[in-house]
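S.K.: Dropping in model_6.cif, which is mmCIF, C-alpha atoms and all ligand atoms:
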```cif
data_model
#
loop_
_atom_site.group_PDB
_atom_site.id
_atom_site.type_symbol
_atom_site.label_atom_id
_atom_site.label_comp_id
_atom_site.auth_asym_id
_atom_site.auth_seq_id
_atom_site.Cartn_x
_atom_site.Cartn_y
_atom_site.Cartn_z
ATOM 1 C CA MET A 15 -12.306 12.833 -24.235
ATOM 2 C CA ALA A 16 -12.241 9.027 -24.208
ATOM 3 C CA VAL A 17 -10.592 7.192 -21.332
ATOM 4 C CA THR A 18 -7.544 5.192 -22.388
ATOM 5 C CA VAL A 19 -5.981 2.253 -20.556
ATOM 6 C CA THR A 20 -2.365 1.527 -21.473
ATOM 7 C CA PRO A 21 -1.005 -1.530 -19.638
ATOM 8 C CA PHE A 22 2.591 -1.562 -18.437
ATOM 9 C CA GLU A 23 4.943 -4.381 -19.286
ATOM 10 C CA ARG A 24 3.556 -7.823 -18.308
ATOM 11 C CA GLY A 25 0.099 -6.288 -17.663
ATOM 12 C CA PHE A 26 0.973 -5.387 -14.074
ATOM 13 C CA GLY A 27 -0.171 -1.775 -13.786
ATOM 14 C CA ALA A 28 -1.596 0.571 -16.409
ATOM 15 C CA ASP A 29 -1.621 4.244 -17.295
ATOM 16 C CA ILE A 30 -5.009 5.902 -17.458
ATOM 17 C CA GLY A 31 -5.306 8.721 -19.958
ATOM 18 C CA GLY A 32 -8.063 10.885 -21.376
ATOM 19 C CA VAL A 33 -9.344 12.036 -17.982
ATOM 20 C CA PRO A 34 -9.594 15.613 -16.677
ATOM 21 C CA PRO A 35 -6.920 16.744 -14.156
ATOM 22 C CA ASP A 36 -9.527 16.970 -11.370
ATOM 23 C CA LEU A 37 -10.734 13.389 -12.059
ATOM 24 C CA GLN A 38 -14.371 14.392 -12.264
ATOM 25 C CA VAL A 39 -15.421 11.653 -14.705
ATOM 26 C CA SER A 40 -18.776 10.319 -15.908
ATOM 27 C CA ASP A 41 -20.197 7.063 -14.547
ATOM 28 C CA ASP A 42 -19.331 5.300 -17.811
ATOM 29 C CA ASP A 43 -15.729 6.464 -17.643
ATOM 30 C CA PHE A 44 -15.566 5.543 -13.982
ATOM 31 C CA ARG A 45 -16.632 1.978 -14.822
ATOM 32 C CA ILE A 46 -13.802 1.684 -17.353
ATOM 33 C CA ILE A 47 -11.332 2.833 -14.693
ATOM 34 C CA GLU A 48 -12.744 0.465 -12.077
ATOM 35 C CA THR A 49 -12.539 -2.492 -14.462
ATOM 36 C CA ALA A 50 -8.948 -1.575 -15.355
ATOM 37 C CA TRP A 51 -8.087 -1.496 -11.654
ATOM 38 C CA GLY A 52 -9.302 -5.088 -11.257
ATOM 39 C CA ALA A 53 -7.359 -6.191 -14.326
ATOM 40 C CA HIS A 54 -4.044 -4.432 -13.604
ATOM 41 C CA GLY A 55 -3.800 -3.993 -9.795
ATOM 42 C CA ILE A 56 -2.294 -0.515 -9.986
ATOM 43 C CA LEU A 57 -3.402 2.467 -12.054
ATOM 44 C CA ARG A 58 -1.324 5.548 -12.744
ATOM 45 C CA PHE A 59 -2.720 8.983 -13.600
ATOM 46 C CA ARG A 60 -0.359 11.763 -14.677
ATOM 47 C CA GLY A 61 -0.615 15.537 -14.904
ATOM 48 C CA LEU A 62 -3.332 15.794 -12.293
ATOM 49 C CA GLY A 63 -4.381 18.943 -10.494
ATOM 50 C CA MET A 64 -6.804 17.836 -7.773
ATOM 51 C CA ARG A 65 -7.915 19.855 -4.798
ATOM 52 C CA PRO A 66 -8.173 17.785 -1.609
ATOM 53 C CA GLU A 67 -11.974 17.556 -1.890
ATOM 54 C CA GLN A 68 -11.680 16.287 -5.497
ATOM 55 C CA HIS A 69 -9.110 13.695 -4.440
ATOM 56 C CA VAL A 70 -11.539 12.558 -1.721
ATOM 57 C CA ALA A 71 -14.564 12.604 -4.049
ATOM 58 C CA PHE A 72 -12.897 10.456 -6.718
ATOM 59 C CA SER A 73 -11.575 7.969 -4.143
ATOM 60 C CA ARG A 74 -15.018 7.595 -2.551
ATOM 61 C CA ARG A 75 -16.445 6.262 -5.794
ATOM 62 C CA PHE A 76 -14.453 3.065 -5.139
ATOM 63 C CA GLY A 77 -15.940 2.573 -1.670
ATOM 64 C CA PRO A 78 -15.973 3.995 1.863
ATOM 65 C CA LEU A 79 -12.826 5.769 3.000
ATOM 66 C CA HIS A 80 -10.758 4.954 6.037
ATOM 67 C CA ILE A 81 -9.566 7.677 8.416
ATOM 68 C CA MET A 82 -6.000 7.031 9.525
ATOM 69 C CA THR A 83 -4.954 7.261 13.149
ATOM 70 C CA PRO A 84 -3.219 8.947 14.846
ATOM 71 C CA LEU A 85 -5.142 11.857 13.347
ATOM 72 C CA LYS A 86 -2.184 14.235 13.556
ATOM 73 C CA PHE A 87 -0.727 13.039 10.222
ATOM 74 C CA ASN A 88 -3.935 13.832 8.294
ATOM 75 C CA LEU A 89 -4.488 17.008 6.274
ATOM 76 C CA PRO A 90 -6.070 19.738 8.426
ATOM 77 C CA GLY A 91 -9.747 20.027 7.449
ATOM 78 C CA HIS A 92 -9.553 16.802 5.391
ATOM 79 C CA PRO A 93 -9.201 13.859 7.776
ATOM 80 C CA GLU A 94 -9.622 11.428 4.817
ATOM 81 C CA ILE A 95 -6.220 12.546 3.493
ATOM 82 C CA PHE A 96 -3.188 11.015 5.158
ATOM 83 C CA VAL A 97 -0.018 12.998 4.484
ATOM 84 C CA VAL A 98 3.368 11.377 3.886
ATOM 85 C CA SER A 99 5.847 14.212 4.122
ATOM 86 C CA ASN A 100 9.079 15.510 5.555
ATOM 87 C CA ALA A 101 7.994 19.153 5.115
ATOM 88 C CA SER A 102 7.906 21.638 7.938
ATOM 89 C CA LYS A 103 4.465 22.842 8.968
ATOM 90 C CA GLU A 104 5.609 26.475 9.137
ATOM 91 C CA ASP A 105 7.320 26.399 5.734
ATOM 92 C CA PRO A 106 6.115 23.532 3.519
ATOM 93 C CA THR A 107 8.933 24.208 1.033
ATOM 94 C CA ARG A 108 11.560 23.150 3.607
ATOM 95 C CA PRO A 109 12.330 19.828 5.232
ATOM 96 C CA ILE A 110 11.911 19.522 8.987
ATOM 97 C CA ALA A 111 15.038 19.297 11.083
ATOM 98 C CA GLN A 112 16.208 15.742 11.806
ATOM 99 C CA GLU A 113 15.606 16.088 15.537
ATOM 100 C CA GLN A 114 11.907 16.817 14.944
ATOM 101 C CA GLY A 115 11.284 13.089 14.594
ATOM 102 C CA ALA A 116 8.366 11.708 12.578
ATOM 103 C CA GLY A 117 7.131 15.058 11.260
ATOM 104 C CA ASP A 118 4.464 17.686 11.860
ATOM 105 C CA ALA A 119 2.967 18.333 8.390
ATOM 106 C CA GLY A 120 2.761 14.577 7.752
ATOM 107 C CA LEU A 121 4.432 11.283 8.579
ATOM 108 C CA LYS A 122 8.069 11.170 7.516
ATOM 109 C CA ARG A 123 9.625 7.947 6.144
ATOM 110 C CA ALA A 124 6.298 6.152 5.924
ATOM 111 C CA GLY A 125 6.191 2.776 4.257
ATOM 112 C CA GLU A 126 9.916 2.181 3.703
ATOM 113 C CA GLY A 127 9.762 -1.610 3.518
ATOM 114 C CA PHE A 128 7.377 -3.807 1.490
ATOM 115 C CA HIS A 129 3.872 -3.916 2.950
ATOM 116 C CA THR A 130 0.193 -3.595 2.169
ATOM 117 C CA ASP A 131 -1.653 -0.788 3.931
ATOM 118 C CA GLY A 132 -3.412 -1.916 7.085
ATOM 119 C CA GLU A 133 -2.012 -5.451 7.033
ATOM 120 C CA ASP A 134 -1.405 -5.118 10.786
ATOM 121 C CA LYS A 135 -5.156 -4.674 11.375
ATOM 122 C CA ARG A 136 -7.964 -7.268 11.404
ATOM 123 C CA ILE A 137 -9.551 -5.509 8.411
ATOM 124 C CA PRO A 138 -6.751 -4.276 6.144
ATOM 125 C CA ASN A 139 -7.445 -1.546 3.589
ATOM 126 C CA ALA A 140 -8.747 -2.496 0.151
ATOM 127 C CA GLY A 141 -6.677 0.096 -1.636
ATOM 128 C CA SER A 142 -4.961 3.456 -1.462
ATOM 129 C CA PHE A 143 -4.686 6.406 -3.832
ATOM 130 C CA LEU A 144 -1.408 8.282 -3.490
ATOM 131 C CA TYR A 145 -1.019 11.705 -5.086
ATOM 132 C CA ALA A 146 2.375 13.372 -5.480
ATOM 133 C CA ARG A 147 2.248 17.053 -4.468
ATOM 134 C CA SER A 148 6.003 17.766 -4.196
ATOM 135 C CA VAL A 149 8.756 15.399 -5.210
ATOM 136 C CA PRO A 150 12.534 15.550 -4.818
ATOM 137 C CA PRO A 151 14.637 16.065 -7.990
ATOM 138 C CA GLU A 152 16.096 12.568 -7.526
ATOM 139 C CA ARG A 153 15.073 9.291 -5.863
ATOM 140 C CA GLY A 154 12.018 8.878 -3.616
ATOM 141 C CA ASP A 155 10.562 6.205 -5.945
ATOM 142 C CA THR A 156 7.883 3.737 -4.889
ATOM 143 C CA LEU A 157 8.141 0.037 -5.757
ATOM 144 C CA PHE A 158 5.059 -2.119 -6.329
ATOM 145 C CA ALA A 159 4.993 -5.924 -6.328
ATOM 146 C CA ASP A 160 2.539 -8.084 -8.270
ATOM 147 C CA MET A 161 1.389 -10.598 -5.673
ATOM 148 C CA TYR A 162 -0.717 -12.678 -8.091
ATOM 149 C CA ALA A 163 2.413 -13.270 -10.146
ATOM 150 C CA ALA A 164 4.423 -14.013 -7.001
ATOM 151 C CA TYR A 165 1.881 -16.608 -5.859
ATOM 152 C CA GLU A 166 1.792 -18.241 -9.285
ATOM 153 C CA ALA A 167 5.596 -18.492 -9.386
ATOM 154 C CA LEU A 168 6.009 -20.123 -5.954
ATOM 155 C CA PRO A 169 7.504 -23.623 -5.907
ATOM 156 C CA ALA A 170 4.867 -26.315 -5.323
ATOM 157 C CA GLN A 171 6.337 -27.444 -1.999
ATOM 158 C CA ILE A 172 6.135 -23.891 -0.634
ATOM 159 C CA ARG A 173 2.500 -23.618 -1.670
ATOM 160 C CA GLN A 174 1.942 -26.919 0.153
ATOM 161 C CA ALA A 175 3.654 -25.574 3.284
ATOM 162 C CA MET A 176 1.499 -22.437 3.332
ATOM 163 C CA ALA A 177 -1.838 -23.992 2.291
ATOM 164 C CA GLY A 178 -4.563 -23.239 4.835
ATOM 165 C CA ARG A 179 -2.143 -21.281 7.035
ATOM 166 C CA ARG A 180 -2.198 -17.759 8.411
ATOM 167 C CA ALA A 181 0.662 -15.440 9.333
ATOM 168 C CA ARG A 182 0.746 -13.470 12.571
ATOM 169 C CA TYR A 183 1.068 -9.697 12.086
ATOM 170 C CA SER A 184 2.229 -7.706 15.061
ATOM 171 C CA ARG A 185 2.280 -3.949 15.442
ATOM 172 C CA ILE A 186 3.377 -4.489 19.023
ATOM 173 C CA ASP A 187 6.462 -6.544 18.095
ATOM 174 C CA LEU A 188 7.504 -4.414 15.124
ATOM 175 C CA HIS A 189 6.382 -0.780 15.659
ATOM 176 C CA ALA A 190 9.780 0.323 16.954
ATOM 177 C CA VAL A 191 11.541 -1.552 14.136
ATOM 178 C CA HIS A 192 9.506 -0.017 11.299
ATOM 179 C CA TYR A 193 8.807 3.420 12.817
ATOM 180 C CA PRO A 194 11.830 4.340 14.951
ATOM 181 C CA LEU A 195 11.022 8.069 14.547
ATOM 182 C CA MET A 196 7.451 7.720 15.860
ATOM 183 C CA ASP A 197 6.540 7.758 19.536
ATOM 184 C CA PRO A 198 6.507 4.269 21.063
ATOM 185 C CA LEU A 199 3.049 2.679 21.385
ATOM 186 C CA THR A 200 1.241 3.511 24.602
ATOM 187 C CA GLU A 201 -0.469 0.735 26.575
ATOM 188 C CA ASP A 202 -3.833 1.968 25.206
ATOM 189 C CA GLN A 203 -2.529 1.848 21.631
ATOM 190 C CA LYS A 204 -1.221 -1.662 22.224
ATOM 191 C CA ARG A 205 -4.680 -2.739 23.353
ATOM 192 C CA GLU A 206 -6.169 -1.140 20.210
ATOM 193 C CA ARG A 207 -3.658 -2.888 17.917
ATOM 194 C CA PRO A 208 -3.533 -6.535 19.021
ATOM 195 C CA ASP A 209 -1.808 -9.158 16.852
ATOM 196 C CA VAL A 210 -3.876 -10.291 13.865
ATOM 197 C CA TYR A 211 -3.783 -13.351 11.590
ATOM 198 C CA HIS A 212 -4.207 -13.314 7.815
ATOM 199 C CA PRO A 213 -4.138 -16.115 5.224
ATOM 200 C CA LEU A 214 -0.898 -16.490 3.283
ATOM 201 C CA ALA A 215 -2.808 -17.416 0.131
ATOM 202 C CA ARG A 216 -5.524 -14.808 -0.256
ATOM 203 C CA ARG A 217 -8.558 -14.933 -2.493
ATOM 204 C CA HIS A 218 -9.421 -11.552 -3.980
ATOM 205 C CA PRO A 219 -13.051 -10.690 -3.161
ATOM 206 C CA VAL A 220 -13.707 -9.158 -6.601
ATOM 207 C CA THR A 221 -11.496 -10.963 -9.112
ATOM 208 C CA GLY A 222 -11.535 -14.352 -7.317
ATOM 209 C CA ARG A 223 -7.816 -14.733 -8.074
ATOM 210 C CA THR A 224 -5.291 -15.971 -5.510
ATOM 211 C CA SER A 225 -2.353 -13.863 -4.428
ATOM 212 C CA LEU A 226 0.473 -14.236 -1.974
ATOM 213 C CA TYR A 227 -0.411 -12.088 1.033
ATOM 214 C CA ILE A 228 2.603 -11.117 3.095
ATOM 215 C CA GLY A 229 4.231 -7.902 4.246
ATOM 216 C CA ARG A 230 6.643 -6.405 6.691
ATOM 217 C CA TRP A 231 4.385 -6.661 9.763
ATOM 218 C CA ALA A 232 4.230 -10.461 9.417
ATOM 219 C CA CYS A 233 6.278 -12.244 12.091
ATOM 220 C CA ASP A 234 5.617 -15.984 12.016
ATOM 221 C CA VAL A 235 2.970 -18.552 11.120
ATOM 222 C CA GLU A 236 0.090 -19.827 13.222
ATOM 223 C CA GLY A 237 0.441 -23.507 14.079
ATOM 224 C CA LEU A 238 4.129 -23.744 13.100
ATOM 225 C CA PRO A 239 7.039 -23.633 15.562
ATOM 226 C CA ARG A 240 8.193 -19.975 15.860
ATOM 227 C CA ASP A 241 11.496 -20.506 14.035
ATOM 228 C CA GLU A 242 9.926 -22.462 11.221
ATOM 229 C CA GLY A 243 7.167 -19.871 10.838
ATOM 230 C CA ARG A 244 9.658 -17.028 10.853
ATOM 231 C CA ALA A 245 11.747 -18.760 8.203
ATOM 232 C CA LEU A 246 8.689 -19.250 5.974
ATOM 233 C CA VAL A 247 7.678 -15.591 6.386
ATOM 234 C CA ARG A 248 11.184 -14.421 5.512
ATOM 235 C CA TYR A 249 11.328 -16.702 2.499
ATOM 236 C CA LEU A 250 7.969 -15.386 1.214
ATOM 237 C CA GLN A 251 8.916 -11.746 1.814
ATOM 238 C CA ALA A 252 12.164 -12.157 -0.121
ATOM 239 C CA PHE A 253 10.454 -14.172 -2.861
ATOM 240 C CA ALA A 254 7.872 -11.433 -3.508
ATOM 241 C CA GLN A 255 10.548 -8.744 -3.735
ATOM 242 C CA GLN A 256 12.327 -10.218 -6.747
ATOM 243 C CA PRO A 257 12.741 -7.696 -9.581
ATOM 244 C CA ARG A 258 10.626 -9.842 -11.933
ATOM 245 C CA PHE A 259 7.493 -8.976 -9.900
ATOM 246 C CA LEU A 260 8.211 -5.270 -9.447
ATOM 247 C CA PHE A 261 7.186 -2.004 -11.015
ATOM 248 C CA ARG A 262 9.145 1.126 -10.059
ATOM 249 C CA GLN A 263 7.270 4.416 -9.983
ATOM 250 C CA GLN A 264 9.494 7.434 -10.539
ATOM 251 C CA TRP A 265 7.254 10.244 -9.405
ATOM 252 C CA ARG A 266 6.570 13.547 -11.086
ATOM 253 C CA ALA A 267 4.487 16.139 -9.254
ATOM 254 C CA GLY A 268 0.888 15.613 -10.392
ATOM 255 C CA ASP A 269 1.171 11.815 -10.643
ATOM 256 C CA ALA A 270 -1.175 9.635 -8.632
ATOM 257 C CA ILE A 271 -1.301 5.870 -8.234
ATOM 258 C CA LEU A 272 -4.295 3.862 -7.121
ATOM 259 C CA TRP A 273 -3.216 0.456 -5.853
ATOM 260 C CA ASP A 274 -5.106 -2.609 -4.731
ATOM 261 C CA ASN A 275 -3.794 -3.699 -1.336
ATOM 262 C CA ARG A 276 -5.382 -7.148 -1.783
ATOM 263 C CA CYS A 277 -3.106 -8.264 -4.617
ATOM 264 C CA THR A 278 -0.086 -5.926 -4.571
ATOM 265 C CA GLN A 279 2.371 -4.642 -2.021
ATOM 266 C CA HIS A 280 4.534 -1.540 -2.121
ATOM 267 C CA CYS A 281 7.623 0.048 -0.641
ATOM 268 C CA ALA A 282 8.741 3.666 -0.400
ATOM 269 C CA THR A 283 12.435 4.139 -1.131
ATOM 270 C CA GLY A 284 14.683 6.765 0.398
ATOM 271 C CA PHE A 285 15.831 10.160 -0.808
ATOM 272 C CA ASP A 286 17.869 12.990 0.698
ATOM 273 C CA ASP A 287 15.283 14.229 3.177
ATOM 274 C CA THR A 288 17.694 16.716 4.742
ATOM 275 C CA ARG A 289 17.801 18.690 1.451
ATOM 276 C CA TYR A 290 14.569 18.025 -0.396
ATOM 277 C CA VAL A 291 10.871 17.982 0.350
ATOM 278 C CA ARG A 292 8.606 15.140 -0.669
ATOM 279 C CA THR A 293 4.891 15.504 0.078
ATOM 280 C CA MET A 294 2.315 12.890 -0.860
ATOM 281 C CA HIS A 295 -1.427 12.900 -0.138
ATOM 282 C CA ARG A 296 -3.108 9.544 0.318
ATOM 283 C CA THR A 297 -6.728 8.475 0.575
ATOM 284 C CA THR A 298 -7.333 4.990 1.895
ATOM 285 C CA LEU A 299 -10.203 2.602 1.133
ATOM 286 C CA GLU A 300 -11.852 0.479 3.777
ATOM 287 C CA GLY A 301 -11.442 -3.222 3.125
ATOM 288 C CA ASP A 302 -12.821 -6.532 4.291
ATOM 289 C CA GLU A 303 -11.441 -9.461 6.221
ATOM 290 C CA PRO A 304 -8.971 -11.370 4.001
ATOM 291 C CA ARG A 305 -10.323 -14.724 2.802
ATOM 292 C CA MET A 306 -8.235 -17.849 2.576
ATOM 293 C CA ALA A 307 -7.880 -19.150 -0.978
ATOM 294 C CA GLU A 308 -9.441 -22.574 -1.356
ATOM 295 C CA THR A 309 -7.204 -25.386 -2.415
ATOM 296 C CA PRO A 310 -9.256 -27.636 -4.676
ATOM 297 C CA ALA A 311 -9.240 -31.229 -3.436
ATOM 298 C CA GLY A 312 -6.986 -33.508 -5.443
ATOM 299 C CA LEU A 313 -5.470 -30.723 -7.518
ATOM 300 C CA PRO A 314 -1.892 -29.529 -7.232
ATOM 301 C CA LEU A 315 -1.798 -26.304 -5.205
HETATM 302 O O1 LIG B 1 5.558 7.472 0.024
HETATM 303 C C1 LIG B 1 5.479 6.431 -0.606
HETATM 304 O O2 LIG B 1 6.137 6.224 -1.624
HETATM 305 C C2 LIG B 1 4.565 5.335 -0.131
HETATM 306 C C3 LIG B 1 4.260 5.434 1.320
HETATM 307 C C4 LIG B 1 3.259 4.385 1.716
HETATM 308 O O3 LIG B 1 3.585 3.276 2.001
HETATM 309 C C5 LIG B 1 1.839 4.737 1.656
HETATM 310 O O4 LIG B 1 1.498 5.894 1.456
HETATM 311 O O5 LIG B 1 1.025 3.816 1.841
HETATM 312 FE FE FE B 2 1.835 2.040 2.355
#
```
Would you put the structure from the file into structure tokens?
Ligand SMILES: O=C(O)CCC(=O)C(=O)O
Ligand SMILES: [Fe+2]

M.R.:
Amino acid sequence: MAVTVTPFERGFGADIGGVPPDLQVSDDDFRIIETAWGAHGILRFRGLGMRPEQHVAFSRRFGPLHIMTPLKFNLPGHPEIFVVSNASKEDPTRPIAQEQGAGDAGLKRAGEGFHTDGEDKRIPNAGSFLYARSVPPERGDTLFADMYAAYEALPAQIRQAMAGRRARYSRIDLHAVHYPLMDPLTEDQKRERPDVYHPLARRHPVTGRTSLYIGRWACDVEGLPRDEGRALVRYLQAFAQQPRFLFRQQWRAGDAILWDNRCTQHCATGFDDTRYVRTMHRTTLEGDEPRMAETPAGLPL
């Protein structure tokens, strides 16, 4: 079986074919997949049948894995697998009751709002590999945004305004806004998750390309008056969410998408979680500290 790479429209994203359902591939095939990931930002695999340990093993070939906290949303016996789900622990074919809050078999309503995983931490995650185990018969799509394309399309005066600047990301300010069903942060958790600052124009450590780096945990901009910073953040968030930069994944059970958190962002969309179950397993790659893109002297930004 030869690996095939079929780019989506505009080259943002690609389907990978010709791989076994458990993703146990040779080193040569793995290199083709890794190169395609760098070129296309997101890779989709369909018709998979991976056991948790195979999901973990394939993900690890891209680099060390990150264990999500709190640990209670990870798959029992497989702490490397973070579970996004509204299923009941007792009966995984049924949704949990509304009053049960954020969930017990996984985190319910995770990622509804554009973000990159771990952007609220000093070292955000390099990538994530999300595998659809159960999907609702309608809706529950995931949107992905091409942040290289967004950066390239920004008006020159906006690139000037953001050059050399970092946004402030705050779990403390926004936890209750983005995760109203989760318990509020304790004082210890607040100490563990202080505000962090990341460059708005980010240089990818592998491809060397520049992307717009922004997400829903960004609040304002270091060195700018609060209101001005907030306005710039809101402008950039809205800019990146324009349909021309987006790919919509309509999940089938057995699909998996590997995305690069350093040059894309994503957003879960809603579905009827009182009637249907949606269960996704995610492995998460450790990353490195985002680097500011250089702005060559004398050249337009
Ligand atoms: O469930 C989804 O569609 C995506 C959730 C999310 O943001 C993630 O798993 O990182
Ligand atoms: Fe996410």

S.K.: Using all atoms listed in the file, which residues of chain A come within 7 Å of ligand FE 2 (chain B), and what is the closest atom pair for each, with the distance in Å to one decimal? Give it as a Markdown table, sorted by chain and residue number.

M.R.:
```
| residue | atom | partner | partner_atom | distance |
| --- | --- | --- | --- | --- |
| A:Gly125 | CA | B:FE2 | FE | 4.8 |
| A:His129 | CA | B:FE2 | FE | 6.3 |
| A:Thr130 | CA | B:FE2 | FE | 5.9 |
| A:Asp131 | CA | B:FE2 | FE | 4.8 |
| A:His280 | CA | B:FE2 | FE | 6.3 |
| A:Cys281 | CA | B:FE2 | FE | 6.8 |
```

S.K.: My list of candidates is A:Arg45, A:His192, A:Arg75, A:Arg205. Which is closest to ligand LIG 1 (chain B) when distances are computed with only C-alpha atoms and all ligand atoms?

M.R.: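 Counting only C-alpha atoms and all ligand atoms, the residue closest to ligand LIG 1 (chain B) is A:His192.
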
S.K.: Would you translate the PyMOL selection byres (((chain A and resi 118) around 10) and not hetatm) into the concrete set of residues it matches in this file, as a PyMOL selection string?

M.R.: chain A and resi 86-88+97+99-104+110+114-117+119-122

S.K.: Would you mind telling me which residue in A:Asp29, A:Asp234, A:Glu94, A:Glu113 lies nearest to Leu250 in chain A when using only C-alpha atoms?

M.R.: A:Asp234

S.K.: Name the residues, by chain letter and number, that sit within 9 Å of ligand LIG 1 (chain B) using only C-alpha atoms and all ligand atoms, and give them as number ranges by chain.

M.R.: A: 96-99, 122-132, 142-144, 146, 154-157, 263, 265, 279-284, 292-298

S.K.: In Å to one decimal, how far is CA of Ala164 in chain A from CA of Ile56 in chain A?

M.R.: 15.4 Å

S.K.: Grab the CA of Pro109 in chain A to CA of Arg262 in chain A distance for me, in Å with one decimal place.

M.R.: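 Going from CA of Pro109 in chain A over to CA of Arg262 in chain A covers 24.4 Å.
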
S.K.: Please indicate the distance in Å from CA of Ile271 in chain A to CA of Asp197 in chain A, rounded to one decimal place.

M.R.: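 Between CA of Ile271 in chain A and CA of Asp197 in chain A the gap works out to 28.9 Å.
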
S.K.: Neighbours of range 221-230 of chain A within 7 Å (all atoms listed in the file; same-chain residues fewer than 3 positions away dropped), as an mmCIF file with C-alpha atoms, keeping the file's coordinate frame?

M.R.:
```cif
data_model
loop_
_atom_site.group_PDB
_atom_site.id
_atom_site.type_symbol
_atom_site.label_atom_id
_atom_site.label_comp_id
_atom_site.auth_asym_id
_atom_site.auth_seq_id
_atom_site.Cartn_x
_atom_site.Cartn_y
_atom_site.Cartn_z
ATOM 1 C CA GLY A 52 -9.302 -5.088 -11.257
ATOM 2 C CA GLY A 127 9.762 -1.610 3.518
ATOM 3 C CA PHE A 128 7.377 -3.807 1.490
ATOM 4 C CA HIS A 129 3.872 -3.916 2.950
ATOM 5 C CA THR A 130 0.193 -3.595 2.169
ATOM 6 C CA MET A 161 1.389 -10.598 -5.673
ATOM 7 C CA TYR A 162 -0.717 -12.678 -8.091
ATOM 8 C CA ALA A 164 4.423 -14.013 -7.001
ATOM 9 C CA TYR A 165 1.881 -16.608 -5.859
ATOM 10 C CA PRO A 213 -4.138 -16.115 5.224
ATOM 11 C CA LEU A 214 -0.898 -16.490 3.283
ATOM 12 C CA ALA A 215 -2.808 -17.416 0.131
ATOM 13 C CA ARG A 216 -5.524 -14.808 -0.256
ATOM 14 C CA ARG A 217 -8.558 -14.933 -2.493
ATOM 15 C CA HIS A 218 -9.421 -11.552 -3.980
ATOM 16 C CA GLN A 251 8.916 -11.746 1.814
ATOM 17 C CA CYS A 277 -3.106 -8.264 -4.617
ATOM 18 C CA ALA A 307 -7.880 -19.150 -0.978
#
```

S.K.: My list of candidates is A:Met64, A:Ala254, A:Val17, A:Ala175. Which is closest to Asp160 in chain A when distances are computed with all atoms listed in the file?

M.R.: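 Nearest to Asp160 in chain A: A:Ala254.
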
S.K.: Might you spell out which residues the PyMOL selection byres (((chain A and resi 78) around 7) and not hetatm) would select in the displayed file, as a PyMOL selection string?

M.R.: chain A and resi 74+77+79-80+299-300

S.K.: Excluding Arg65 in chain A and residues on its chain fewer than 2 positions from it, collect all residues at most 12 Å away from it, counting only C-alpha atoms, and give them as a PyMOL selection string.

M.R.: chain A and resi 35-38+62-63+67-72+89+92+95+145+147+268+295

S.K.: Identify all residues satisfying the PyMOL selection byres (((chain A and resi 54) around 7) and not hetatm) in the given file; provide them as a PyMOL selection string.

M.R.: chain A and resi 25-28+50-53+55-56
